[in-house]
$ cat my_file26.cif   # mmCIF, C-alpha atoms
data_structure
#
loop_
_atom_site.group_PDB
_atom_site.id
_atom_site.type_symbol
_atom_site.label_atom_id
_atom_site.label_comp_id
_atom_site.auth_asym_id
_atom_site.auth_seq_id
_atom_site.Cartn_x
_atom_site.Cartn_y
_atom_site.Cartn_z
ATOM 1 C CA MET A 797 68.353 38.247 162.062
ATOM 2 C CA ARG A 798 65.260 39.981 163.317
ATOM 3 C CA SER A 799 63.853 43.212 162.057
ATOM 4 C CA ARG A 800 64.441 46.530 163.824
ATOM 5 C CA ALA A 801 60.957 46.311 165.256
ATOM 6 C CA GLY A 802 61.980 43.051 166.951
ATOM 7 C CA GLY A 803 64.823 44.760 168.745
ATOM 8 C CA LEU A 804 67.740 42.739 167.224
ATOM 9 C CA TYR A 805 70.356 43.688 164.664
ATOM 10 C CA LYS A 806 73.081 41.380 163.274
ATOM 11 C CA SER A 807 76.584 42.776 162.631
ATOM 12 C CA SER A 808 78.051 42.689 159.134
ATOM 13 C CA CYS A 809 81.623 42.507 160.486
ATOM 14 C CA PHE A 810 83.790 39.698 158.923
ATOM 15 C CA SER A 811 87.208 38.291 159.783
ATOM 16 C CA ALA A 812 89.561 36.957 157.123
ATOM 17 C CA GLY A 813 90.369 33.238 157.170
ATOM 18 C CA ILE A 814 93.717 31.568 156.438
ATOM 19 C CA SER A 815 92.471 30.215 153.152
ATOM 20 C CA GLY A 816 91.421 33.686 151.967
ATOM 21 C CA ARG A 817 87.750 32.943 152.537
ATOM 22 C CA GLN A 818 85.726 35.148 154.817
ATOM 23 C CA SER A 819 83.573 33.849 157.589
ATOM 24 C CA PRO A 820 81.099 35.736 159.730
ATOM 25 C CA ALA A 821 82.587 37.184 162.898
ATOM 26 C CA PRO A 822 80.980 36.548 166.265
ATOM 27 C CA THR A 823 78.096 38.832 166.882
ATOM 28 C CA GLU A 824 76.713 40.475 169.965
ATOM 29 C CA GLU A 825 73.163 41.511 169.882
ATOM 30 C CA GLY A 826 71.269 43.624 172.322
ATOM 31 C CA PRO A 827 69.053 46.657 172.651
ATOM 32 C CA ARG A 828 70.526 50.157 172.863
ATOM 33 C CA PRO A 829 68.645 53.404 173.312
ATOM 34 C CA GLY A 830 68.219 54.866 169.883
ATOM 35 C CA LEU A 831 68.627 58.448 168.680
ATOM 36 C CA GLN A 832 65.599 59.954 167.032
ATOM 37 C CA THR A 833 65.840 61.791 163.779
ATOM 38 C CA GLU A 834 64.986 65.479 163.384
ATOM 39 C CA SER A 835 61.432 64.629 162.306
ATOM 40 C CA GLY A 836 60.916 62.307 165.241
ATOM 41 C CA LEU A 837 58.810 59.947 163.047
ATOM 42 C CA GLU A 838 61.240 56.995 162.885
ATOM 43 C CA GLN A 839 61.446 54.199 165.415
ATOM 44 C CA ALA A 840 64.437 53.985 167.777
ATOM 45 C CA GLN A 841 67.467 52.374 166.144
ATOM 46 C CA ILE A 842 69.067 49.301 167.783
ATOM 47 C CA LEU A 843 72.858 49.279 167.126
ATOM 48 C CA PRO A 844 75.590 46.696 167.974
ATOM 49 C CA ARG A 845 77.970 47.487 170.838
ATOM 50 C CA TYR A 846 81.370 45.992 169.903
ATOM 51 C CA LEU A 847 84.368 46.401 167.645
ATOM 52 C CA CYS A 848 85.530 44.197 164.803
ATOM 53 C CA PRO A 849 88.917 42.467 165.013
ATOM 54 C CA GLY A 850 91.757 44.960 164.659
ATOM 55 C CA GLY A 851 89.743 47.745 166.315
ATOM 56 C CA ARG A 852 87.641 48.519 163.239
ATOM 57 C CA LEU A 853 84.103 49.718 163.889
ATOM 58 C CA ALA A 854 81.322 47.370 163.082
ATOM 59 C CA ALA A 855 78.977 48.264 160.285
ATOM 60 C CA GLY A 856 76.319 49.358 162.746
ATOM 61 C CA ALA A 857 78.742 51.766 164.409
ATOM 62 C CA GLN A 858 79.777 53.115 161.042
ATOM 63 C CA ALA A 859 76.152 53.752 160.266
ATOM 64 C CA ALA A 860 75.810 55.568 163.582
ATOM 65 C CA ALA A 861 78.718 57.797 162.637
ATOM 66 C CA ARG A 862 76.787 58.809 159.557
ATOM 67 C CA ARG A 863 73.500 59.372 161.362
ATOM 68 C CA PRO A 864 71.538 62.644 160.924
ATOM 69 C CA PRO A 865 71.979 65.361 163.601
ATOM 70 C CA SER A 866 70.208 64.526 166.831
ATOM 71 C CA ALA A 867 67.461 66.554 168.406
ATOM 72 C CA TYR A 868 69.973 67.829 170.979
ATOM 73 C CA GLU A 869 72.393 68.885 168.285
ATOM 74 C CA ARG A 870 69.579 70.786 166.582
ATOM 75 C CA SER A 871 68.223 72.274 169.781
ATOM 76 C CA PRO A 872 67.828 76.068 170.037
ATOM 77 C CA PHE A 873 70.040 76.100 173.162
ATOM 78 C CA LEU A 874 73.024 74.727 171.237
ATOM 79 C CA LEU A 875 72.382 77.061 168.303
ATOM 80 C CA VAL A 876 72.276 80.074 170.620
ATOM 81 C CA SER A 877 75.530 78.967 172.270
ATOM 82 C CA MET A 878 77.248 78.637 168.888
ATOM 83 C CA ASP A 879 75.851 81.997 167.802
ATOM 84 C CA TRP A 880 77.281 83.722 170.889
ATOM 85 C CA THR A 881 80.618 81.967 170.373
ATOM 86 C CA MET A 882 80.828 83.373 166.852
ATOM 87 C CA LYS A 883 79.911 86.840 168.100
ATOM 88 C CA LEU A 884 82.590 86.714 170.792
ATOM 89 C CA ALA A 885 85.216 85.533 168.295
ATOM 90 C CA THR A 886 84.278 88.357 165.904
ATOM 91 C CA ALA A 887 84.450 90.908 168.714
ATOM 92 C CA ALA A 888 87.895 89.645 169.761
ATOM 93 C CA LEU A 889 89.156 89.880 166.175
ATOM 94 C CA PHE A 890 87.805 93.416 165.824
ATOM 95 C CA LEU A 891 89.419 94.415 169.126
ATOM 96 C CA GLY A 892 92.772 93.032 167.974
ATOM 97 C CA LEU A 893 92.600 94.913 164.671
ATOM 98 C CA THR A 894 91.650 98.092 166.511
ATOM 99 C CA MET A 895 94.683 97.730 168.769
ATOM 100 C CA VAL A 896 96.972 97.250 165.750
ATOM 101 C CA VAL A 897 95.557 100.283 163.938
ATOM 102 C CA THR A 898 95.799 102.388 167.086
ATOM 103 C CA ARG A 899 99.418 101.351 167.563
ATOM 104 C CA ASP A 900 100.226 102.231 163.952
ATOM 105 C CA GLU A 901 98.552 105.607 164.363
ATOM 106 C CA ASP A 902 100.510 106.231 167.555
ATOM 107 C CA GLU A 903 103.739 105.359 165.787
ATOM 108 C CA GLY A 904 102.768 107.601 162.868
ATOM 109 C CA ASP A 905 102.172 110.479 165.277
ATOM 110 C CA MET A 906 105.894 110.386 166.086
ATOM 111 C CA CYS A 907 106.643 111.582 162.530
ATOM 112 C CA LEU A 908 105.587 115.202 162.836
ATOM 113 C CA TYR A 909 105.658 117.824 160.081
ATOM 114 C CA GLU A 910 106.576 121.037 161.845
ATOM 115 C CA ALA A 911 105.894 124.367 160.151
ATOM 116 C CA LEU A 912 108.501 127.114 160.013
ATOM 117 C CA SER A 913 108.273 130.122 162.276
ATOM 118 C CA ASP A 914 106.307 133.164 161.136
ATOM 119 C CA THR A 915 109.576 134.968 160.399
ATOM 120 C CA ASP A 916 110.808 132.251 158.045
ATOM 121 C CA ALA A 917 107.334 131.673 156.583
ATOM 122 C CA VAL A 918 107.336 135.164 155.035
ATOM 123 C CA LEU A 919 109.284 133.690 152.119
ATOM 124 C CA CYS A 920 106.590 131.120 151.334
ATOM 125 C CA LYS A 921 104.641 132.591 148.404
ATOM 126 C CA GLY A 922 102.970 130.436 145.778
ATOM 127 C CA LEU A 923 105.676 127.830 145.168
ATOM 128 C CA GLU A 924 105.465 124.085 145.887
ATOM 129 C CA VAL A 925 108.416 121.698 146.298
ATOM 130 C CA PHE A 926 107.771 117.930 146.319
ATOM 131 C CA TYR A 927 110.271 115.274 147.446
ATOM 132 C CA PRO A 928 109.739 111.493 147.421
ATOM 133 C CA GLU A 929 107.923 110.210 150.527
ATOM 134 C CA LEU A 930 107.710 113.725 151.967
ATOM 135 C CA GLY A 931 105.346 115.407 149.543
ATOM 136 C CA ASN A 932 105.250 119.207 149.503
ATOM 137 C CA ILE A 933 107.927 120.247 151.998
ATOM 138 C CA GLY A 934 107.599 123.986 151.360
ATOM 139 C CA CYS A 935 107.590 126.109 154.525
ATOM 140 C CA MET A 936 108.287 123.025 156.695
ATOM 141 C CA PHE A 937 111.090 121.337 158.620
ATOM 142 C CA VAL A 938 112.180 118.009 157.157
ATOM 143 C CA PRO A 939 110.693 115.536 159.692
ATOM 144 C CA ASP A 940 113.056 113.866 162.141
ATOM 145 C CA CYS A 941 111.888 110.322 161.397
ATOM 146 C CA ASN A 942 112.323 107.498 158.888
ATOM 147 C CA ASN A 943 115.843 108.788 158.133
ATOM 148 C CA TYR A 944 114.318 111.565 155.991
ATOM 149 C CA ARG A 945 117.146 113.947 156.850
ATOM 150 C CA GLN A 946 119.583 111.422 155.479
ATOM 151 C CA LYS A 947 117.498 110.388 152.478
ATOM 152 C CA ILE A 948 117.104 113.949 151.235
ATOM 153 C CA THR A 949 120.889 114.205 150.891
ATOM 154 C CA HIS A 950 120.867 111.718 147.996
ATOM 155 C CA TRP A 951 117.406 112.031 146.467
ATOM 156 C CA ALA A 952 117.204 113.419 142.929
ATOM 157 C CA GLU A 953 115.875 116.893 142.239
ATOM 158 C CA PRO A 954 112.399 117.628 143.600
ATOM 159 C CA ILE A 955 109.315 118.519 141.606
ATOM 160 C CA VAL A 956 108.906 122.297 141.693
ATOM 161 C CA LYS A 957 105.448 123.566 140.815
ATOM 162 C CA PHE A 958 104.325 127.151 140.305
ATOM 163 C CA PRO A 959 100.512 127.012 139.853
ATOM 164 C CA GLY A 960 100.338 130.759 139.182
ATOM 165 C CA ALA A 961 102.747 130.702 136.231
ATOM 166 C CA LEU A 962 101.718 132.451 133.019
ATOM 167 C CA GLU A 963 101.486 130.065 130.078
ATOM 168 C CA GLY A 964 103.251 132.406 127.637
ATOM 169 C CA ALA A 965 106.039 133.425 130.041
ATOM 170 C CA THR A 966 109.566 132.095 130.635
ATOM 171 C CA TYR A 967 111.028 131.658 134.095
ATOM 172 C CA ILE A 968 114.282 131.162 136.039
ATOM 173 C CA LEU A 969 114.562 128.852 139.053
ATOM 174 C CA VAL A 970 117.163 129.441 141.754
ATOM 175 C CA MET A 971 117.841 127.229 144.789
ATOM 176 C CA VAL A 972 120.336 128.416 147.415
ATOM 177 C CA ASP A 973 121.491 127.827 150.983
ATOM 178 C CA PRO A 974 121.992 131.196 152.749
ATOM 179 C CA ASP A 975 123.343 129.476 155.877
ATOM 180 C CA ALA A 976 126.661 128.101 154.601
ATOM 181 C CA PRO A 977 128.452 126.939 156.588
ATOM 182 C CA SER A 978 125.997 127.856 159.396
ATOM 183 C CA ARG A 979 123.201 130.308 160.038
ATOM 184 C CA SER A 980 125.130 131.912 162.873
ATOM 185 C CA SER A 981 128.219 132.375 160.678
ATOM 186 C CA PRO A 982 127.216 132.413 156.958
ATOM 187 C CA LYS A 983 130.679 133.073 155.552
ATOM 188 C CA ALA A 984 129.983 131.093 152.362
ATOM 189 C CA GLN A 985 126.552 132.616 151.655
ATOM 190 C CA PHE A 986 124.989 131.893 149.167
ATOM 191 C CA TRP A 987 125.625 128.255 148.334
ATOM 192 C CA ARG A 988 124.169 127.685 144.860
ATOM 193 C CA HIS A 989 122.354 124.364 144.742
ATOM 194 C CA TRP A 990 120.405 124.701 141.507
ATOM 195 C CA LEU A 991 120.008 127.186 138.671
ATOM 196 C CA VAL A 992 117.694 126.556 135.718
ATOM 197 C CA THR A 993 116.727 129.073 133.000
ATOM 198 C CA ASP A 994 114.359 129.138 130.013
ATOM 199 C CA ILE A 995 111.538 127.319 131.831
ATOM 200 C CA LYS A 996 108.207 127.631 130.047
ATOM 201 C CA GLY A 997 105.249 128.740 132.092
ATOM 202 C CA THR A 998 103.161 125.804 130.858
ATOM 203 C CA ASP A 999 105.825 123.414 132.170
ATOM 204 C CA ILE A 1000 106.521 124.833 135.631
ATOM 205 C CA LYS A 1001 102.796 125.198 136.153
ATOM 206 C CA LYS A 1002 102.588 121.399 135.943
ATOM 207 C CA GLY A 1003 105.805 120.734 137.851
ATOM 208 C CA LYS A 1004 108.037 120.121 134.830
ATOM 209 C CA LEU A 1005 111.420 121.838 134.517
ATOM 210 C CA GLN A 1006 112.497 121.474 130.898
ATOM 211 C CA GLY A 1007 114.917 124.376 130.736
ATOM 212 C CA GLN A 1008 118.674 124.933 130.646
ATOM 213 C CA GLU A 1009 120.592 123.880 133.749
ATOM 214 C CA LEU A 1010 123.391 126.346 134.434
ATOM 215 C CA SER A 1011 124.054 124.618 137.782
ATOM 216 C CA PRO A 1012 122.853 121.010 138.067
ATOM 217 C CA TYR A 1013 120.874 120.093 141.149
ATOM 218 C CA GLN A 1014 122.863 119.417 144.305
ATOM 219 C CA PRO A 1015 120.905 117.950 147.251
ATOM 220 C CA PRO A 1016 120.901 119.579 150.687
ATOM 221 C CA SER A 1017 123.875 118.391 152.747
ATOM 222 C CA PRO A 1018 124.332 120.607 155.809
ATOM 223 C CA PRO A 1019 127.602 119.857 157.641
ATOM 224 C CA ALA A 1020 127.421 118.241 161.071
ATOM 225 C CA GLN A 1021 127.079 120.461 164.111
ATOM 226 C CA THR A 1022 126.077 123.530 162.103
ATOM 227 C CA GLY A 1023 122.421 123.579 163.091
ATOM 228 C CA PHE A 1024 119.466 123.979 160.765
ATOM 229 C CA HIS A 1025 119.958 125.335 157.260
ATOM 230 C CA ARG A 1026 117.392 127.103 155.106
ATOM 231 C CA TYR A 1027 117.022 125.858 151.538
ATOM 232 C CA GLN A 1028 115.376 128.569 149.487
ATOM 233 C CA PHE A 1029 113.690 128.428 146.088
ATOM 234 C CA PHE A 1030 112.989 131.492 143.942
ATOM 235 C CA VAL A 1031 111.233 131.799 140.596
ATOM 236 C CA TYR A 1032 111.948 134.911 138.505
ATOM 237 C CA LEU A 1033 110.380 136.119 135.281
ATOM 238 C CA GLN A 1034 113.044 135.841 132.576
ATOM 239 C CA GLU A 1035 111.409 138.113 129.973
ATOM 240 C CA GLY A 1036 113.529 136.937 127.034
ATOM 241 C CA LYS A 1037 116.895 137.674 128.657
ATOM 242 C CA ASN A 1038 119.884 135.473 127.876
ATOM 243 C CA ILE A 1039 120.997 134.285 131.308
ATOM 244 C CA SER A 1040 124.514 132.965 131.965
ATOM 245 C CA LEU A 1041 127.146 132.625 134.685
ATOM 246 C CA HIS A 1042 130.598 134.158 134.650
ATOM 247 C CA SER A 1043 133.562 131.794 134.467
ATOM 248 C CA LYS A 1044 134.436 132.735 138.035
ATOM 249 C CA GLU A 1045 130.930 131.806 139.199
ATOM 250 C CA ASN A 1046 131.243 128.426 137.524
ATOM 251 C CA LYS A 1047 134.396 127.538 139.458
ATOM 252 C CA THR A 1048 132.596 127.119 142.765
ATOM 253 C CA ARG A 1049 129.098 127.068 144.186
ATOM 254 C CA ALA A 1050 130.133 128.655 147.475
ATOM 255 C CA SER A 1051 129.966 132.374 148.273
ATOM 256 C CA TRP A 1052 127.834 133.071 145.215
ATOM 257 C CA LYS A 1053 126.999 136.757 144.913
ATOM 258 C CA MET A 1054 123.349 136.227 144.212
ATOM 259 C CA ASP A 1055 122.455 139.914 144.499
ATOM 260 C CA LYS A 1056 124.986 140.837 141.813
ATOM 261 C CA PHE A 1057 123.665 138.090 139.563
ATOM 262 C CA LEU A 1058 120.102 139.382 139.909
ATOM 263 C CA ASN A 1059 121.155 142.983 139.315
ATOM 264 C CA ARG A 1060 123.146 142.022 136.232
ATOM 265 C CA PHE A 1061 120.038 140.704 134.541
ATOM 266 C CA HIS A 1062 117.615 143.188 136.090
ATOM 267 C CA LEU A 1063 115.774 140.508 138.019
ATOM 268 C CA SER A 1064 113.929 142.225 140.828
ATOM 269 C CA GLU A 1065 111.281 140.591 142.987
ATOM 270 C CA PRO A 1066 110.619 136.849 142.586
ATOM 271 C CA GLU A 1067 107.286 135.747 141.148
ATOM 272 C CA ALA A 1068 107.111 132.935 143.715
ATOM 273 C CA SER A 1069 109.295 131.530 146.470
ATOM 274 C CA THR A 1070 109.435 129.057 149.345
ATOM 275 C CA GLN A 1071 111.931 127.345 151.626
ATOM 276 C CA PHE A 1072 112.348 124.376 153.957
ATOM 277 C CA MET A 1073 114.790 123.663 156.760
ATOM 278 C CA THR A 1074 116.836 120.637 157.752
ATOM 279 C CA GLN A 1075 119.985 119.745 159.645
ATOM 280 C CA ASN A 1076 122.663 117.090 159.340
ATOM 281 C CA TYR A 1077 121.060 113.706 159.993
ATOM 282 C CA GLN A 1078 123.837 112.700 162.384
ATOM 283 C CA ASP A 1079 122.863 115.585 164.671
ATOM 284 C CA SER A 1080 119.353 114.210 165.027
ATOM 285 C CA PRO A 1081 118.440 112.554 168.367
ATOM 286 C CA ASN A 1082 116.465 109.934 166.400
ATOM 287 C CA TYR A 1083 119.358 109.191 164.049
ATOM 288 C CA GLN A 1084 119.485 105.583 162.821
ATOM 289 C CA THR A 1085 122.688 103.936 161.655
ATOM 290 C CA PRO A 1086 122.934 104.495 157.878
ATOM 291 C CA GLY A 1087 124.219 102.093 155.259
ATOM 292 C CA THR A 1088 127.703 102.113 153.880
ATOM 293 C CA GLY A 1089 128.938 104.917 151.676
ATOM 294 C CA SER A 1090 128.712 108.681 151.883
ATOM 295 C CA SER A 1091 125.916 110.700 150.335
ATOM 296 C CA GLU A 1092 127.489 114.107 150.876
ATOM 297 C CA PRO A 1093 128.465 116.130 147.813
ATOM 298 C CA ARG A 1094 132.074 116.379 146.770
ATOM 299 C CA ASP A 1095 132.351 120.104 147.418
ATOM 300 C CA LYS A 1096 130.242 120.450 150.546
ATOM 301 C CA PRO A 1097 130.363 123.777 152.382
ATOM 302 C CA LYS A 1098 133.051 124.099 155.008
#
$ encode --input "my_file26.cif" --output "structure tokens"
Amino acid sequence: MRSRAGGLYKSSCFSAGISGRQSPAPTEEGPRPGLQTESGLEQAQILPRYLCPGGRLAAGAQAAARRPPSAYERSPFLLVSMDWTMKLATAALFLGLTMVVTRDEDEGDMCLYEALSDTDAVLCKGLEVFYPELGNIGCMFVPDCNNYRQKITHWAEPIVKFPGALEGATYILVMVDPDAPSRSSPKAQFWRHWLVTDIKGTDIKKGKLQGQELSPYQPPSPPAQTGFHRYQFFVYLQEGKNISLHSKENKTRASWKMDKFLNRFHLSEPEASTQFMTQNYQDSPNYQTPGTGSSEPRDKPK
């Protein structure tokens, strides 16, 4: 075998004999244009041009597969092309993410929080009412999306916060529906949804209602085809009074004489108040088929 300078290179490919011994395989020698290294200081390499038996590459070809990058592969033209390819791929990814975010924002815009009219907003004074997913719904319509008008019929009591409460005072919370069974014909006004007494100012200021429940919370459940109902919250200063309901008042929540109740305990103007509005979820044009079971209260207004 001659040296590389001589222009010949002998293959190291072997074929297995029957006896288990190995004998040199036939070789083919000849010049081949070499590939210079990055430094350009080495001589051209002369490599064999054939395969071993079974299709395996000869040792020279294997060495070529492990050769350093060629001058072409390291050329500035190829590097620039790869750089632009990466930039284009990054731009395409950014464009795709932008389209997804824009679509999500467009879909989110469909869930609108609509404020009450100026007439109904007069009642909104210093009180905050928080429901899950909705946040503070005071002085708003329950949004017609994500089945919120159905969900609110079975959510637990909201967080009611009165930031202006006096720390040494005691308060009463009242929640009513003045539109039972409908706003156009409120024959069962007021429907008593919630009545809590003996609430400390330090608690309601933070959204905690640790008082005495005279009427446990009942979620809003306006009957179908009765339009929007107002759900009103009032906070009164208790001033050490012992508040209670008559036995007749405890028999039903409907047609509660709220004015008589307030007069009986000399409760005048509320310290804070707010309201929100919603309608039966089945009356909504965006109504989605609910799951099984009914979430309406047992003694819903009729």
$ resolve_selection --input "my_file26.cif" --expression "the PyMOL selection byres ((chain A and resi 987) around 10)" --output "PyMOL selection string"
chain A and resi 971-977+982+984-986+988-990+1027+1048-1054+1096-1097
$ closest_residue --input "my_file26.cif" --among "A:Ile1000, A:Gln1028, A:Asp914, A:Asp994" --to "A:Ser1069" --atoms "all atoms listed in the file"
A:Gln1028
$ atom_distance --input "my_file26.cif" --atom1 "atom CA of A:Tyr1013" --atom2 "atom CA of A:Asn943"
21.0 Å
$ atom_distance --input "my_file26.cif" --atom1 "atom CA of A:Leu1033" --atom2 "atom CA of A:Tyr927"
24.1 Å
$ residues_around --input "my_file26.cif" --residues "A:Leu962" --least-positions-apart "3" --cutoff "8 Å" --atoms "all atoms listed in the file" --output "list of chain:residue names"
A:Ala965, A:Gly997, A:Thr998, A:Lys1001
